[in-house]
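Engineer: Sharing a structure, written as C-alpha cells. Questions coming.
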Amino acid sequence: MSVTEPVGAAPAAASGIAADASRPAPGAAPPRTPLIARAAAELVGTAALVAVVVGSGIQATELTQDVALQLLANSTATVFGLGVLIALLGPVSGAHFNPAVTLAEWWTARRGGAGVTARELAVYVPSQIAGAIAGAILADAMFGEPLVKWSTHDRSAGNLLLGEVVATAGLILLIFGLARTDRLRFAPVAVASYIGAAYWFTSSTSFANPAVTIGRAFTDTFAGIAPVSVPGFIGAQLAGAVVGLALVAVIFLRGKTATAAAPSA
C-alpha cells in the first residue's frame with residue numbers, strides 16, 4: 001500500500017525554464033528520509049496491520065459463532081486500521097506494508113520510472129516479513145493464545161488462488177493508477193476501502209500480501225493460513241502483481257505529444 005504524494009518542482013534553471021523534479025512512483029519515500037526510518041516504518045506498519053487482522057479475528061470468534069458476523073468484524077477493523085496506518089506512515093516510507101507493492105515499484109524503476117532501488121527493496125521486504133510475524137505473535141499474546149502455533153486452516157484450493165490473483169491485481173491497479181493520475185492523496189481511503197470490499201468479493205478474503213500471508217501462518221486462529229498453503233498464495237499474489245502492472249500499462253497508457261513538422265526551406 002502506498003500513499004506518498006509527489007514532490008514539488010525543482011528550482012528554475014538558469015534559462016528561466018523550471019526543471020520538473022522527478023515524481024516518486026507510488027510508495028516512493030520523500031527525499032532525505034533515512035533508510036533506517038523507512039525500514040522501521042515498514043516493520044511497524046506491517047506488524048500493526050497483521051495485529052489488527054489477527055486480533056480482530058480472534059475477538060470476533062470470541063463474541064459470536066456467526067461466521068458472517070466474524071468476517072464483518074474482521075474486515076471492518078482491517079479497513080479502519082489500514083486507513084490509519086497509511087495516513088500515518090505514508091509520508092515516511094510510502095506505506096507499502098506489502099512485498100508485492102515494493103516489487104512492483106522496483107520493477108517500474110527498472111523500466112525507467114521512479115521508485116525504490118534494489119538496495120531499498122532488499123531492506124523493505126525483510127522488514128515487512130519480520131513485522132508481519134511480530135504482529136501475529138503480538139495479537140496472539142494479547143488474547144492469551146499460544147505465541148506461535150502453526151495454522152491448520154488449509155487454503156490450497158484453486159478457486160482461492162484465483163481469488164488471490166484477482167485481489168492482488170486489483171490492489172496494484174488501484175495504487176499505481178492513483179499514482180498515474182496524481183491522486184495518491186486519496187490512497188488511505190481508497191486502498192482501505194478496496195481491501196474491505198475484497199474481503200467479501202474474493203473467495204480468498206483478499207490476503208493480497210506475501211508478508212501478511214507469512215505472518216498469518218504463525219497463528220492458528222480465525223485469520224490463519226496453514227504453512228502448506230503459503231507458497232501457493234504467494235505465487236498467486238506475485239502473478240496478480242504482474243497482471244496489475246499490465247493493466248496499469250494498458251489502461252493508463254500515456255499518449256505521445258505531437259510535434260509540429262519543421263517548415264521546408
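By convention here, the chains of the C-alpha cells are called A, B, ... in the order presented, each chain's residues are numbered starting at 1, and ligands are numbered starting at 1 in the order presented.
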Give me the residues of region 44-134 of chain A that have any atom at most 10 Å from an atom of region 148-168 of chain A; for each, the nearest atom pair and the distance in Å, rounded to one decimal. Use only C-alpha atoms, sort by chain and number, and format it as a Markdown table.
Structural biologist:
```
| residue | atom | partner | partner_atom | distance |
| --- | --- | --- | --- | --- |
| A:Ala100 | CA | A:Thr168 | CA | 8.1 |
| A:Val101 | CA | A:Thr168 | CA | 9.2 |
| A:Ile133 | CA | A:Val148 | CA | 9.4 |
```
Engineer: DSSP says helix (DSSP H, G or I) for which residues of region 56-131 of chain A? Put them as a ChimeraX atom specification?
Structural biologist: /A:56-63,67-93,99-110,118-131
Engineer: Residues near Asn74 (chain A), anyone? I mean within 7 Å using only C-alpha atoms, not counting same-chain ones fewer than 2 positions away, as number ranges by chain.
Structural biologist: A: 53, 56-57, 60, 70-72, 76-78
Engineer: Counting only C-alpha atoms, what is within 12 Å of His96 (chain A), bar same-chain residues fewer than 6 positions away, as number ranges by chain?
Structural biologist: A: 1-4, 25-29, 38-39, 41-46, 49, 82, 85-87, 89-90, 102-106, 115-116, 121, 124-125, 127-129, 171-172, 175-176, 187-188, 191, 209-212
Engineer: Quick check, in Å to one decimal: how far apart do CA of Val243 (chain A) and CA of Ala169 (chain A) lie?
Structural biologist: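 Value for the CA of Val243 (chain A)-CA of Ala169 (chain A) distance: 5.6 Å.
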Engineer: Return the single residue from A:Gln237, A:Thr221, A:Ser193, A:Ser229 that is closest to Glu62 (chain A), with distances computed using only C-alpha atoms.
Structural biologist: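 Of the candidates, the smallest distance to Glu62 (chain A) is held by A:Thr221.
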Engineer: Give me, please, the distance in Å between CA of Arg119 (chain A) and CA of Pro99 (chain A), quoted to one decimal.
Structural biologist: 13.9 Å
